[in-house]
>>> print(open('upload_6.txt').read())   # compact mmCIF, C-alpha atoms
# COMPACT_ATOMS: atom_id res chain seq x y z
CA MET A 1 -60.14 1.36 85.26
CA THR A 2 -57.49 3.84 86.12
CA ASN A 3 -54.73 1.24 85.51
CA LEU A 4 -56.20 0.31 82.10
CA LYS A 5 -56.27 3.94 80.97
CA SER A 6 -52.64 4.41 81.93
CA HIS A 7 -51.57 1.79 79.32
CA PHE A 8 -53.05 3.85 76.51
CA TRP A 9 -51.93 7.24 77.70
CA TYR A 10 -48.84 8.83 76.05
CA ASP A 11 -47.21 12.08 76.73
CA LYS A 12 -46.36 14.61 73.92
CA SER A 13 -42.85 13.31 73.15
CA GLN A 14 -44.11 9.73 72.85
CA ARG A 15 -46.85 10.78 70.46
CA ASN A 16 -44.28 12.60 68.26
CA GLY A 17 -42.08 9.52 68.18
CA ILE A 18 -44.98 7.31 67.14
CA LEU A 19 -45.89 9.78 64.36
CA ILE A 20 -42.35 9.80 62.98
CA LEU A 21 -42.19 6.00 63.09
CA CYS A 22 -45.46 5.69 61.17
CA THR A 23 -44.20 8.17 58.56
CA ILE A 24 -41.00 6.15 58.03
CA ILE A 25 -42.99 2.92 57.66
CA ILE A 26 -45.26 4.50 55.04
CA LEU A 27 -42.29 5.88 53.04
CA ILE A 28 -40.60 2.48 53.03
CA GLN A 29 -43.79 0.90 51.69
CA VAL A 30 -44.08 3.51 48.94
CA LEU A 31 -40.44 3.07 47.88
CA TYR A 32 -40.85 -0.67 47.86
CA PHE A 33 -43.71 -0.55 45.34
CA VAL A 34 -42.47 2.37 43.24
CA VAL A 35 -38.71 1.81 42.88
CA ASP A 36 -37.40 -1.17 40.93
CA PHE A 37 -34.41 -2.57 42.83
CA SER A 38 -33.77 -5.33 40.31
CA SER A 39 -30.04 -5.70 39.51
CA ASN A 40 -30.77 -7.11 36.03
CA LYS A 41 -32.09 -3.84 34.59
CA LYS A 42 -29.75 -2.53 31.86
CA ILE A 43 -28.91 1.13 31.34
CA LYS A 44 -29.40 2.18 27.74
CA ILE A 45 -27.52 5.09 26.17
CA ALA A 46 -29.90 6.97 23.97
CA ASN A 47 -27.49 9.67 22.89
CA ALA A 48 -27.16 9.14 19.12
CA GLU A 49 -24.11 11.39 18.87
CA ILE A 50 -22.13 9.31 21.38
CA ILE A 51 -23.04 6.13 19.51
CA ARG A 52 -21.96 7.69 16.20
CA LEU A 53 -18.65 8.89 17.61
CA GLN A 54 -17.96 5.49 19.14
CA THR A 55 -18.66 3.79 15.81
CA GLU A 56 -16.37 6.23 14.04
CA LEU A 57 -13.65 5.66 16.63
CA ASP A 58 -13.92 1.90 16.18
CA ARG A 59 -13.64 2.32 12.41
CA LEU A 60 -10.50 4.45 12.71
CA LYS A 61 -8.94 1.97 15.13
CA THR A 62 -9.59 -0.80 12.62
CA LEU A 63 -7.97 1.19 9.82
CA LYS A 64 -4.98 2.01 12.00
CA ASN A 65 -4.49 -1.56 13.24
CA ASN A 66 -5.03 -3.10 9.82
CA PRO A 67 -3.39 -0.74 7.34
CA LYS A 68 -3.66 -1.62 3.67
CA THR A 69 -1.14 -0.76 1.02
CA TYR A 70 -2.62 0.62 -2.17
CA GLU A 71 -0.81 0.87 -5.47
CA ASN A 72 -0.75 4.24 -7.15
CA LYS A 73 -3.24 3.19 -9.79
CA PRO A 74 -5.68 5.63 -11.38
CA PHE A 75 -9.04 5.71 -9.63
CA ASN A 76 -12.38 7.46 -9.89
CA PRO A 77 -12.67 9.70 -6.81
CA SER A 78 -16.45 9.27 -6.83
CA PHE A 79 -16.00 5.66 -5.71
CA LEU A 80 -13.22 6.15 -3.18
CA SER A 81 -13.54 3.79 -0.21
CA ASP A 82 -13.08 4.89 3.41
CA ALA A 83 -9.93 2.86 3.81
CA LYS A 84 -8.24 4.10 0.64
CA ALA A 85 -9.25 7.70 1.32
CA TYR A 86 -7.69 7.42 4.77
CA SER A 87 -4.50 5.93 3.31
CA LEU A 88 -4.29 8.77 0.78
CA GLY A 89 -4.23 11.36 3.55
CA LEU A 90 -7.86 12.44 3.94
CA ASN A 91 -9.02 12.99 7.49
CA THR A 92 -12.33 11.85 8.99
CA GLU A 93 -14.17 15.09 8.29
CA GLN A 94 -13.08 15.12 4.64
CA ILE A 95 -14.09 11.48 4.15
CA ASN A 96 -17.51 12.15 5.68
CA ARG A 97 -18.04 15.09 3.32
CA LEU A 98 -17.29 12.87 0.33
CA LEU A 99 -19.67 10.16 1.59
CA ALA A 100 -22.43 12.70 2.19
CA PHE A 101 -21.94 14.06 -1.33
CA ARG A 102 -22.22 10.58 -2.84
CA GLU A 103 -25.33 9.75 -0.79
CA GLN A 104 -27.10 12.50 -2.73
CA GLY A 105 -26.60 10.49 -5.92
CA THR A 106 -24.06 12.94 -7.33
CA TYR A 107 -20.59 12.30 -8.75
CA ILE A 108 -17.20 14.00 -8.75
CA ASN A 109 -16.41 15.23 -12.27
CA SER A 110 -13.13 17.09 -11.77
CA ALA A 111 -10.16 17.41 -9.44
CA GLU A 112 -11.30 20.91 -8.53
CA GLU A 113 -14.75 19.62 -7.57
CA PHE A 114 -13.14 16.91 -5.42
CA GLN A 115 -11.25 19.62 -3.51
CA GLN A 116 -14.38 21.73 -3.18
CA VAL A 117 -16.42 18.81 -1.79
CA THR A 118 -13.80 17.39 0.60
CA GLY A 119 -11.94 20.57 1.52
CA ILE A 120 -8.46 19.04 1.05
CA SER A 121 -5.43 21.33 0.81
CA ASP A 122 -3.82 22.45 -2.45
CA SER A 123 -0.70 20.41 -1.65
CA LEU A 124 -2.68 17.17 -1.20
CA LEU A 125 -4.69 17.86 -4.35
CA LYS A 126 -1.44 18.26 -6.27
CA VAL A 127 -0.38 14.76 -5.13
CA LEU A 128 -3.73 13.09 -5.83
CA LYS A 129 -4.68 14.82 -9.09
CA PRO A 130 -2.43 12.70 -11.37
CA GLN A 131 -4.13 9.56 -9.99
CA PHE A 132 -7.68 10.70 -10.75
CA LYS A 133 -9.44 8.94 -13.61
CA PHE A 134 -12.79 10.12 -14.92
CA PRO A 135 -15.12 8.60 -17.54
CA ASP A 136 -14.33 9.50 -21.15
CA TRP A 137 -17.49 11.59 -21.53
CA VAL A 138 -16.50 13.69 -18.51
CA VAL A 139 -13.01 14.30 -19.90
CA ALA A 140 -14.43 15.22 -23.31
CA LYS A 141 -16.81 17.70 -21.70
CA GLN A 142 -13.98 19.33 -19.72
CA VAL A 143 -11.88 19.71 -22.89
CA GLU A 144 -14.83 21.34 -24.64
CA ILE A 145 -15.38 23.78 -21.78
CA GLU A 146 -11.68 24.72 -21.68
CA LYS A 147 -11.73 25.25 -25.44
CA GLU A 148 -14.75 27.54 -25.16
CA ASN A 149 -13.11 29.50 -22.35
CA THR A 150 -9.91 29.93 -24.37
CA THR A 151 -11.85 31.10 -27.40
CA SER A 152 -13.86 33.58 -25.38
CA LEU A 153 -10.76 35.24 -23.89
CA ILE A 154 -10.15 38.80 -25.03
CA LYS A 155 -6.90 39.31 -26.90
CA VAL A 156 -4.26 41.06 -24.78
CA SER A 157 -3.95 44.69 -25.84
CA ASP A 158 -1.42 47.43 -25.18
CA ILE A 159 -2.40 49.36 -22.08
CA ASN A 160 -0.52 52.39 -23.43
CA THR A 161 -2.89 52.68 -26.39
CA ALA A 162 -6.14 51.55 -24.74
CA SER A 163 -8.98 54.05 -24.77
CA ALA A 164 -11.60 54.57 -22.09
CA LYS A 165 -14.04 52.74 -24.35
CA ASP A 166 -11.69 49.73 -24.39
CA LEU A 167 -11.22 49.70 -20.63
CA VAL A 168 -14.92 49.88 -19.71
CA LYS A 169 -15.47 46.56 -21.51
CA ILE A 170 -13.91 44.92 -18.46
CA ASN A 171 -16.49 44.00 -15.85
CA GLY A 172 -16.12 46.37 -12.90
CA VAL A 173 -14.45 49.23 -14.79
CA GLY A 174 -16.65 52.28 -15.07
CA LEU A 175 -16.06 55.39 -17.14
CA SER A 176 -14.62 57.36 -14.20
CA THR A 177 -12.16 54.56 -13.42
CA ALA A 178 -11.14 54.31 -17.07
CA ASN A 179 -10.55 58.06 -17.21
CA ARG A 180 -8.41 57.98 -14.04
CA ILE A 181 -6.25 55.28 -15.61
CA ILE A 182 -5.78 57.27 -18.81
CA ASN A 183 -5.08 60.51 -16.92
CA TYR A 184 -2.43 58.81 -14.79
CA ARG A 185 -0.92 57.23 -17.91
CA THR A 186 -0.68 60.71 -19.43
CA GLU A 187 0.94 62.06 -16.26
CA LEU A 188 3.56 59.31 -16.40
CA LYS A 189 4.03 59.87 -20.16
CA GLY A 190 3.07 56.23 -20.60
CA PHE A 191 3.27 53.10 -18.49
CA SER A 192 6.78 51.64 -18.36
CA PHE A 193 5.97 48.93 -15.79
CA ASN A 194 2.76 46.91 -15.59
CA ASP A 195 2.60 47.38 -11.83
CA GLN A 196 2.34 51.15 -12.27
CA LEU A 197 -1.36 50.48 -12.80
CA TYR A 198 -1.67 49.78 -9.06
CA GLU A 199 -0.66 53.40 -8.40
CA VAL A 200 -3.87 54.77 -9.94
CA TYR A 201 -5.92 56.52 -7.25
CA TYR A 202 -8.87 54.54 -5.85
CA LEU A 203 -8.23 51.57 -8.15
CA ASP A 204 -8.96 48.33 -6.31
CA THR A 205 -6.10 45.80 -6.41
CA LEU A 206 -8.36 42.96 -7.55
CA LEU A 207 -9.75 45.11 -10.34
CA ALA A 208 -6.21 46.06 -11.39
CA ASP A 209 -5.37 42.33 -11.54
CA LYS A 210 -8.36 41.79 -13.83
CA ILE A 211 -7.30 44.67 -16.11
CA LEU A 212 -3.75 43.33 -16.41
CA LYS A 213 -5.09 40.01 -17.69
CA GLN A 214 -6.33 41.80 -20.79
CA PHE A 215 -4.08 44.86 -21.02
CA LYS A 216 -0.30 44.85 -20.69
CA ILE A 217 2.64 46.92 -21.88
CA VAL A 218 3.32 45.89 -25.47
CA ASN A 219 5.43 48.89 -26.43
CA LYS A 220 7.18 50.98 -23.80
CA PRO A 221 6.84 54.75 -24.14
CA ALA A 222 9.71 56.84 -25.49
CA ILE A 223 10.22 59.28 -22.63
CA GLU A 224 12.45 62.30 -23.18
CA LYS A 225 14.76 62.48 -20.18
CA LEU A 226 15.98 65.61 -18.42
CA ASN A 227 19.65 66.18 -17.69
CA VAL A 228 19.78 66.25 -13.89
CA ASN A 229 22.85 68.50 -14.03
CA THR A 230 21.36 71.20 -16.28
CA ALA A 231 17.61 71.01 -15.59
CA SER A 232 16.03 73.75 -13.51
CA PHE A 233 14.52 73.22 -10.09
CA LYS A 234 11.02 73.72 -11.53
CA GLU A 235 11.56 71.21 -14.36
CA ILE A 236 12.63 68.44 -11.99
CA LEU A 237 9.86 69.29 -9.54
CA HIS A 238 7.27 68.63 -12.26
CA LEU A 239 8.52 65.10 -12.92
CA PRO A 240 6.47 62.10 -11.67
CA TYR A 241 7.44 60.61 -8.29
CA ILE A 242 9.44 63.73 -7.30
CA ASP A 243 8.07 66.22 -4.77
CA TYR A 244 9.49 69.50 -3.50
CA ALA A 245 11.47 67.94 -0.64
CA LEU A 246 13.16 65.41 -2.91
CA THR A 247 13.91 68.06 -5.55
CA LYS A 248 15.67 70.15 -2.92
CA LYS A 249 17.71 67.16 -1.74
CA ILE A 250 18.80 66.44 -5.32
CA PHE A 251 19.91 70.04 -5.85
CA ASP A 252 21.69 70.16 -2.49
CA TYR A 253 23.59 67.01 -3.43
CA LYS A 254 24.39 68.36 -6.90
CA ASN A 255 25.78 71.57 -5.39
CA GLU A 256 27.87 69.51 -3.03
CA VAL A 257 29.46 67.29 -5.69
CA THR A 258 29.35 69.90 -8.49
CA GLU A 259 28.25 67.31 -11.05
CA ILE A 260 26.34 64.03 -10.88
CA ARG A 261 28.18 61.58 -13.10
CA ASP A 262 25.91 58.56 -12.62
CA LEU A 263 22.26 58.37 -11.61
CA GLU A 264 23.19 55.65 -9.13
CA GLU A 265 24.64 58.46 -7.02
CA LEU A 266 21.09 59.51 -6.19
CA ARG A 267 20.80 56.43 -4.01
CA LYS A 268 23.38 58.01 -1.69
CA ILE A 269 21.10 60.95 -0.91
CA GLU A 270 19.72 60.68 2.60
CA GLY A 271 15.98 60.06 2.51
CA PHE A 272 15.92 59.16 -1.19
CA PRO A 273 13.02 56.74 -1.93
CA LEU A 274 15.02 53.72 -3.05
CA ASP A 275 11.85 51.79 -3.93
CA LYS A 276 11.09 54.43 -6.57
CA PHE A 277 14.57 54.73 -8.07
CA ASP A 278 13.70 52.66 -11.16
CA ARG A 279 10.73 54.92 -11.83
CA ILE A 280 12.58 58.20 -11.24
CA ALA A 281 15.39 57.00 -13.49
CA LEU A 282 12.88 56.91 -16.37
CA TYR A 283 12.89 60.71 -16.45
CA LEU A 284 16.49 61.69 -15.67
CA LYS A 285 19.92 61.35 -17.23
CA THR A 286 23.38 62.69 -16.41
CA LYS A 287 24.57 63.70 -19.87
>>> encode(input="upload_6.txt", output="structure tokens")
Amino acid sequence: MTNLKSHFWYDKSQRNGILILCTIIILIQVLYFVVDFSSNKKIKIANAEIIRLQTELDRLKTLKNNPKTYENKPFNPSFLSDAKAYSLGLNTEQINRLLAFREQGTYINSAEEFQQVTGISDSLLKVLKPQFKFPDWVVAKQVEIEKENTTSLIKVSDINTASAKDLVKINGVGLSTANRIINYRTELKGFSFNDQLYEVYYLDTLLADKILKQFKIVNKPAIEKLNVNTASFKEILHLPYIDYALTKKIFDYKNEVTEIRDLEELRKIEGFPLDKFDRIALYLKTK
């Protein structure tokens, strides 16, 4: 009996070994039934973006390897094919924009709209525009719109005679802005250059551009000039574009040379604002 019991008696290390072995056997059984080890199972790529990019890449490779030559015949940009668009210089993104626009059931009705939809550059539009051909009804409509726009344009008026009431008719010009323009015009004794309008205090450049589309210099002002050799310090100081420091420099130079024979001599004065010479010359003379 003692011998029989010894066959079934295990010490602690043996029992641990048996436990580990049983655990391994169970794990192998579980893996066998759970994991599919078949080599025929195919891996599917579900990423739609990768598939789309691959398709697009294949299409571009086809276009590159099989280039087509297109004659410069007029065409309707609404029905531009991928291949021809690519040959004309449009990139993938621009072609996709055009296709997306057409998928909405809409059509291109002008060269400007084609640029807006595709996002092509001005230089490429300039090349393609002569080749565009639109239906007769579209062309007729564009002509009618241009005619209406031309008719609705305000006649260009003389900015030197415009009143505040005239100026406020322009969208964006308020009464205070109009008055500042007129006050500055009075200070200058009239505008002699169109770009003097940009010198008006707090006048936005874009708004000045808009004003100059409707108001320009028709008649230049008759400005009475001062003799730089005989005018007093105070008289010259009060002229536009001339401050105290510049007045002093002019008089210092005049005292040095005795008499200024030509206004061009003013350019020699150190610190003279050369960019304003043409404006200062409006108010001075030498004889």
>>> atom_distance(input="upload_6.txt", atom1="atom CA of A:Lys225", atom2="atom CA of A:Lys189")
11.0 Å
>>> residues_around(input="upload_6.txt", residues="A:Lys287", least_positions_apart="4", cutoff="10 Å", atoms="all atoms listed in the file", output="ChimeraX atom specification")
/A:225-230,260-262
>>> atom_distance(input="upload_6.txt", atom1="atom CA of A:Leu98", atom2="atom CA of A:Asp58")
19.6 Å
>>> closest_residue(input="upload_6.txt", among="A:Ser192, A:Asn109, A:Gln29, A:Asn255", to="A:Tyr283", atoms="only C-alpha atoms")
A:Ser192
>>> atom_distance(input="upload_6.txt", atom1="atom CA of A:Asn76", atom2="atom CA of A:Gly119")
17.4 Å
>>> closest_residue(input="upload_6.txt", among="A:Leu125, A:Ile20, A:Leu167, A:Leu175", to="A:Leu88", atoms="all atoms listed in the file")
A:Leu125
>>> closest_residue(input="upload_6.txt", among="A:Leu53, A:Leu188, A:Leu19, A:Ile26", to="A:His238", atoms="all atoms listed in the file")
A:Leu188
>>> residues_around(input="upload_6.txt", residues="A:Gly190", least_positions_apart="4", cutoff="6 Å", atoms="all atoms listed in the file", output="PyMOL selection string")
chain A and resi 160+185-186+221
